[in-house]
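Enquirer: Mind having a look at this structure? Questions to follow.
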Amino acid sequence: MDGRDGMRAADADREVVADRLRAALGEGRLDLHEYDERVQRAYAARTYAELDALLTDLPPVTPPEHSALRPASAPAEPPVGPLAHGHVNRWLAEVWLPYVRVIAIVVTIWGVTSLLSQELLYFWPAWVAGPWGVVLLLRTVGGLAGGEPRRQAIERERRRERKRAKRERRRDLRTDGPEDPGPET
């Protein structure tokens with residue numbers, strides 16, 4: 001073996017092959033048993049030649065921007081760019097909605113007690129809203145600067161994909177299981 005084929009593969013190379021095999025499973029090009037077997041061989045591979053052998057019967061991946069077709073089962077990447085703020089809005093709602101709900105409750109309690117006492121009481125909800133609001137403001141600024149909304153969107157998509165794959169495996173195991181021949185005659 002000369003050249004690239006004889007060179008030692010790195011963990012990152014094995015991960016790339018495992019990702020490609022995972023995509024092939026999702027596209028229906030590999031069944032679960034074959035996927036499992038190939039992934040095990042990918043992580044055990046020592047050279048590029050061993051890794052390349054696992055992908056020889058699979059078509060190359062065409063990036064979505066160069067392809068006219070997109071596989072129906074391909075996982076959607078969380079949006080990126082100036083117009084794609086869905087994941088940011090969702091993250092902001094997850095951070096701030098509990099605060100808004102609790103503040104609405106304590107202000108309502110303050111309002112009802114003021115109404116029942118027939119005088120305007122000291123506005124104690126500020127002691128709840130103020131410190132918590134400052135903490136949330138700092139978390140929001142730090143989270144937006146550090147890319148937390150995008151990380152959470154990616155993780156959410158990974159969890160969805162794992163759940164979908166798990167459901168498919170269960171369904172495949174049920175349909176591939178031993179068939180009941182029925183009553184013997």
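Ordering of the structure tokens sets the chain letters (A, B, ...), residue numbers begin anew at 1 in every chain, and ligands are numbered from 1 in the order given.
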Hey, what's within 8 Å of range 163-170 of chain A if we count only C-alpha atoms and toss same-chain stuff fewer than 3 positions away? As a list of chain:residue names, please?
Expert: A:Gly26, A:Leu32, A:Arg159, A:Arg160, A:Leu173, A:Arg174
Enquirer: Can you pull out every residue within 10 Å of Trp124 in chain A, counting only C-alpha atoms, but drop anything in the same chain fewer than 3 positions away, and send it as a PyMOL selection string?
Expert: chain A and resi 106-107+110+121+127-129
Enquirer: Which polymer residues have any atom within 7 Å of an atom of range 34-39 of chain A, counting only C-alpha atoms, with same-chain residues fewer than 4 positions away left out, as a list in words?
Expert: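 Here the qualifying residues turn out to be Ala18, Leu21, Leu25, Leu30, Tyr43 and Leu54 of chain A.
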Enquirer: Counting only C-alpha atoms, which of A:Ala42, A:Val102, A:Arg29, A:Trp91 gets nearest to Ala12 in chain A?
Expert: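 Nearest candidate to Ala12 in chain A out of A:Ala42, A:Val102, A:Arg29, A:Trp91: A:Ala42.
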Enquirer: So that I can check the surroundings of range 130-143 of chain A, please list as a ChimeraX atom specification every protein, DNA and RNA residue that reaches within 9 Å of it, counting only C-alpha atoms and ignoring chain neighbours fewer than 5 positions away.
Expert: /A:92,95-96,99,125,148-149
